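Engineer: Provided herewith is a single structure, encoded as structure tokens, for subsequent inquiry.
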Amino acid sequence: MTVLKPKTAKDRIILALDVDTVEEAKELVLELRDYVGFFKIGLQLQSCGYEACEAVKSLGGKVFYDMKFHDIPNTVARASANLVKRGIDFFDLHIKGGSKMMSATVRLANETAKKYGMESPSILGVTLLSSFGQKTLTQELNVNMSIDEYVSRLAATARDSGLAGVVASASEAPVIREECGEDFIIVCPAVRPTWSVVNDQVRVVTPSEAVRAGVDYIVVGRPVTNAQNKTEAIELITQEISDALSVSNDIINV
């Protein structure tokens, strides 16, 4: 399986294409493809998901297919094999689908990639949705663990099942790193620059906080896509990431 580790501040940014049509998605890709590393296609574009993927790829973008698969092993594995054929770079599934679902998906994805002479995508496991807090975990899901403990356990299961990484909040990144090592990918959703609003997220962080926590990639959507000047918004985020990386490197080199 391909493991894509970012090299630059731009590489670390995944822009969420949370729009209703492929044409709207194309406009965003054309405007911002020189400023971000990946484009995320999620549930809002589900009705035209494959068409949107092909559009992004045709315009030179990389794709994170964020449909959070969660079903029986055979169903998820076969759906994932179709993604491989379409040249998807990242896609994700719910870790709570279990180790059999995850390992079956990894196995068939790798077999499909080999059969068609393609790179196998990096498969990520969704830990806990960023709209969840401790109260939801404990009272609604009846999980009597702290969020850190629960997410760390899920991440270890994902690693042992062959996944390349996880989607998780930056607040859990340190415990994931300790449990799963430096080569494990961490993608952080719910990133909100200090000048933006939180919206419906609960466990949110700024881009610099995410980088300092050890996250590899950040997902940003509405702070950019709703901005009057989208290019300026993404440049501010890139600069914040660059500054955080510089500080981190200075600390390492001391």
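Identifiers in the structure tokens: chain A, B, ... in order shown; residue index from 1 per chain; ligand index from 1 in order shown.
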Determine which residues of region 123-152 of chain A receive a DSSP assignment of helix (DSSP H, G or I), computed from the backbone, and state them as a PyMOL selection string.
Structural biologist: chain A and resi 134-140+147-152
Engineer: Extract, using only C-alpha atoms, all DNA, RNA and protein residues at most 9 Å from Leu129 (chain A), discarding same-chain residues fewer than 4 positions from it, and format them as a list in words.
Structural biologist: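 Contacts, with the query itself left out: Gly133, Val167, Ala168, Ser169, Pro189 and Arg203 of chain A.
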Engineer: Give me, please, the distance in Å between CA of Leu17 (chain A) and CA of Asp183 (chain A), quoted to one decimal.
Structural biologist: 27.1 Å
Engineer: Determine, for each residue of region 130-233 of chain A having at least one atom at most 12 Å from an atom of region 60-65 of chain A, the closest pair of atoms and their separation in Å to one decimal, counting only C-alpha atoms; order by chain and ascending number, as a tab-separated table.
Structural biologist:
```
residue	atom	partner	partner_atom	distance
A:Val167	CA	A:Phe64	CA	11.5
A:Val187	CA	A:Phe64	CA	10.6
A:Tyr217	CA	A:Phe64	CA	11.2
A:Ile218	CA	A:Phe64	CA	11.8
A:Val219	CA	A:Phe64	CA	10.1
```
Engineer: Write out as a PDB file with N, CA, C and O atoms, in the first residue's frame the residues lying within 7 Å of region 6-16 of chain A, counting only C-alpha atoms and excluding same-chain residues fewer than 5 positions away.
Structural biologist:
```pdb
ATOM      1  N   TYR A  35      -2.513  25.508  -4.802  1.00  0.00           N
ATOM      2  CA  TYR A  35      -2.347  25.922  -3.413  1.00  0.00           C
ATOM      3  C   TYR A  35      -2.587  24.799  -2.402  1.00  0.00           C
ATOM      4  O   TYR A  35      -2.338  25.002  -1.211  1.00  0.00           O
ATOM      5  N   VAL A  36      -3.100  23.653  -2.855  1.00  0.00           N
ATOM      6  CA  VAL A  36      -3.411  22.562  -1.924  1.00  0.00           C
ATOM      7  C   VAL A  36      -2.849  21.244  -2.445  1.00  0.00           C
ATOM      8  O   VAL A  36      -2.563  21.101  -3.637  1.00  0.00           O
ATOM      9  N   GLY A  37      -2.737  20.279  -1.525  1.00  0.00           N
ATOM     10  CA  GLY A  37      -2.202  18.979  -1.912  1.00  0.00           C
ATOM     11  C   GLY A  37      -3.253  18.005  -2.417  1.00  0.00           C
ATOM     12  O   GLY A  37      -3.011  17.234  -3.347  1.00  0.00           O
ATOM     13  N   PHE A  38      -4.449  18.049  -1.807  1.00  0.00           N
ATOM     14  CA  PHE A  38      -5.513  17.100  -2.138  1.00  0.00           C
ATOM     15  C   PHE A  38      -6.862  17.809  -2.136  1.00  0.00           C
ATOM     16  O   PHE A  38      -7.036  18.842  -1.483  1.00  0.00           O
ATOM     17  N   PHE A  39      -7.808  17.191  -2.832  1.00  0.00           N
ATOM     18  CA  PHE A  39      -9.198  17.631  -2.775  1.00  0.00           C
ATOM     19  C   PHE A  39     -10.040  16.487  -2.220  1.00  0.00           C
ATOM     20  O   PHE A  39      -9.925  15.345  -2.675  1.00  0.00           O
ATOM     21  N   LYS A  40     -10.874  16.823  -1.231  1.00  0.00           N
ATOM     22  CA  LYS A  40     -11.704  15.813  -0.573  1.00  0.00           C
ATOM     23  C   LYS A  40     -13.102  15.796  -1.178  1.00  0.00           C
ATOM     24  O   LYS A  40     -13.784  16.820  -1.235  1.00  0.00           O
ATOM     25  N   ILE A  41     -13.510  14.610  -1.606  1.00  0.00           N
ATOM     26  CA  ILE A  41     -14.863  14.416  -2.124  1.00  0.00           C
ATOM     27  C   ILE A  41     -15.631  13.602  -1.100  1.00  0.00           C
ATOM     28  O   ILE A  41     -15.278  12.465  -0.794  1.00  0.00           O
ATOM     29  N   ASP A 216      -0.232  14.943  10.038  1.00  0.00           N
ATOM     30  CA  ASP A 216       0.384  14.995   8.709  1.00  0.00           C
ATOM     31  C   ASP A 216      -0.404  15.879   7.748  1.00  0.00           C
ATOM     32  O   ASP A 216       0.179  16.651   6.984  1.00  0.00           O
ATOM     33  N   TYR A 217      -1.719  15.726   7.760  1.00  0.00           N
ATOM     34  CA  TYR A 217      -2.578  16.467   6.835  1.00  0.00           C
ATOM     35  C   TYR A 217      -3.707  17.137   7.605  1.00  0.00           C
ATOM     36  O   TYR A 217      -4.193  16.594   8.603  1.00  0.00           O
ATOM     37  N   ILE A 218      -4.127  18.310   7.114  1.00  0.00           N
ATOM     38  CA  ILE A 218      -5.286  18.971   7.694  1.00  0.00           C
ATOM     39  C   ILE A 218      -6.360  19.105   6.630  1.00  0.00           C
ATOM     40  O   ILE A 218      -6.069  19.315   5.449  1.00  0.00           O
ATOM     41  N   VAL A 219      -7.609  18.942   7.052  1.00  0.00           N
ATOM     42  CA  VAL A 219      -8.748  19.121   6.149  1.00  0.00           C
ATOM     43  C   VAL A 219      -9.393  20.455   6.468  1.00  0.00           C
ATOM     44  O   VAL A 219      -9.762  20.721   7.622  1.00  0.00           O
ATOM     45  N   VAL A 220      -9.522  21.287   5.466  1.00  0.00           N
ATOM     46  CA  VAL A 220     -10.168  22.582   5.643  1.00  0.00           C
ATOM     47  C   VAL A 220     -11.211  22.760   4.548  1.00  0.00           C
ATOM     48  O   VAL A 220     -10.987  22.354   3.405  1.00  0.00           O
ATOM     49  N   GLY A 221     -12.342  23.305   4.909  1.00  0.00           N
ATOM     50  CA  GLY A 221     -13.421  23.467   3.933  1.00  0.00           C
ATOM     51  C   GLY A 221     -14.002  24.853   3.948  1.00  0.00           C
ATOM     52  O   GLY A 221     -13.525  25.764   3.279  1.00  0.00           O
ATOM     53  N   THR A 238      -1.667  28.316   4.640  1.00  0.00           N
ATOM     54  CA  THR A 238      -0.353  27.771   4.257  1.00  0.00           C
ATOM     55  C   THR A 238       0.766  28.434   5.046  1.00  0.00           C
ATOM     56  O   THR A 238       1.699  27.762   5.515  1.00  0.00           O
ATOM     57  N   ILE A 241       0.840  27.125   8.574  1.00  0.00           N
ATOM     58  CA  ILE A 241       1.457  25.795   8.621  1.00  0.00           C
ATOM     59  C   ILE A 241       2.979  25.919   8.502  1.00  0.00           C
ATOM     60  O   ILE A 241       3.732  25.275   9.250  1.00  0.00           O
ATOM     61  N   SER A 242       3.438  26.740   7.562  1.00  0.00           N
ATOM     62  CA  SER A 242       4.881  26.926   7.359  1.00  0.00           C
ATOM     63  C   SER A 242       5.553  27.452   8.613  1.00  0.00           C
ATOM     64  O   SER A 242       6.640  26.994   9.003  1.00  0.00           O
TER      65      SER A 242
END
```
Engineer: Quick one: distance from CA of Asn82 (chain A) to CA of Tyr116 (chain A) in Å, one decimal?
Structural biologist: 11.4 Å
Engineer: Kindly give the distance, in Å, that separates CA of Met101 (chain A) and CA of Gly49 (chain A), rounded to a single decimal.
Structural biologist: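 Atom-to-atom, CA of Met101 (chain A) and CA of Gly49 (chain A) are spaced 22.1 Å apart.
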Engineer: Would you kindly return, as a list in words, each protein, DNA or RNA residue with an atom no farther than 10 Å from any atom of Ala77 (chain A), considering only C-alpha atoms and excluding same-chain residues fewer than 5 positions away?
Structural biologist: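 Counting only C-alpha atoms, the residues come to Phe69, Asp71, Ile72, Asn82, Leu83, Met101, Met102, Ser103, Ala104, Thr105, Val106, Arg107, Leu108 and Ala109 of chain A.
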Engineer: Which of these, A:Thr75, A:Lys5, A:Ser99, A:Glu27, has the shortest distance to Ile186 (chain A) once you count only C-alpha atoms?
Structural biologist: A:Lys5
Engineer: With only C-alpha atoms as the basis for distance, which of A:Thr231, A:Thr21, A:Ser246, A:Ser131 is at the shortest distance from Arg33 (chain A)?
Structural biologist: A:Thr231
Engineer: Which residue is closest to Ser120 (chain A)? Choose from A:Lys85, A:Lys230, A:Lys100, A:Arg222 and count only C-alpha atoms.
Structural biologist: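 Counting only C-alpha atoms, the residue closest to Ser120 (chain A) is A:Lys85.
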Engineer: So that I can check the surroundings of region 150-166 of chain A, please list as a PyMOL selection string every protein, DNA and RNA residue that reaches within 10 Å of it, counting only C-alpha atoms and ignoring chain neighbours fewer than 6 positions away.
Structural biologist: chain A and resi 1-4+90+92-96+98-107+121-128+137+143-144+172-181+183-188+216
Engineer: May I have the selected residues written with C-alpha atoms, as a compact mmCIF listing (two decimals), in the first residue's frame?
Structural biologist:
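Saved file out.txt follows:
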```
# COMPACT_ATOMS: atom_id res chain seq x y z
CA MET A 1 0.00 0.00 0.00
CA THR A 2 1.23 3.48 -0.86
CA VAL A 3 1.85 5.70 2.17
CA LEU A 4 1.85 9.35 1.20
CA PHE A 90 -6.79 8.33 -0.24
CA ASP A 92 -11.47 6.05 4.34
CA LEU A 93 -13.65 3.60 6.22
CA HIS A 94 -14.97 3.39 9.76
CA ILE A 95 -12.66 1.49 12.10
CA LYS A 96 -15.73 0.41 14.03
CA GLY A 98 -14.02 -4.20 12.55
CA SER A 99 -10.66 -5.76 11.73
CA LYS A 100 -12.12 -8.28 9.25
CA MET A 101 -13.65 -5.48 7.20
CA MET A 102 -10.44 -3.47 7.23
CA SER A 103 -8.05 -6.33 6.43
CA ALA A 104 -10.30 -7.63 3.63
CA THR A 105 -10.37 -4.14 2.13
CA VAL A 106 -6.59 -3.75 2.28
CA ARG A 107 -6.05 -7.18 0.74
CA PRO A 121 -4.29 4.08 -2.40
CA SER A 122 -3.60 4.93 1.22
CA ILE A 123 -6.54 3.61 3.23
CA LEU A 124 -7.45 5.54 6.36
CA GLY A 125 -9.62 4.61 9.32
CA VAL A 126 -12.11 7.05 10.82
CA THR A 127 -11.76 7.12 14.61
CA LEU A 128 -14.35 9.41 16.19
CA LEU A 137 -19.13 9.12 23.59
CA VAL A 143 -18.26 3.90 25.85
CA ASN A 144 -16.72 4.25 29.30
CA GLU A 172 -5.55 12.82 19.95
CA ALA A 173 -2.52 12.92 17.63
CA PRO A 174 0.13 12.58 20.39
CA VAL A 175 -1.39 9.36 21.78
CA ILE A 176 -1.82 7.98 18.25
CA ARG A 177 1.83 8.74 17.47
CA GLU A 178 2.95 7.04 20.66
CA GLU A 179 0.84 3.98 19.88
CA CYS A 180 1.37 3.68 16.10
CA GLY A 181 4.69 5.35 15.28
CA ASP A 183 5.13 6.32 9.68
CA PHE A 184 1.42 6.17 10.49
CA ILE A 185 -0.60 8.86 8.68
CA ILE A 186 -2.80 11.20 10.72
CA VAL A 187 -5.36 13.30 8.86
CA CYS A 188 -7.01 15.99 10.95
CA ASP A 216 0.38 14.99 8.71
```
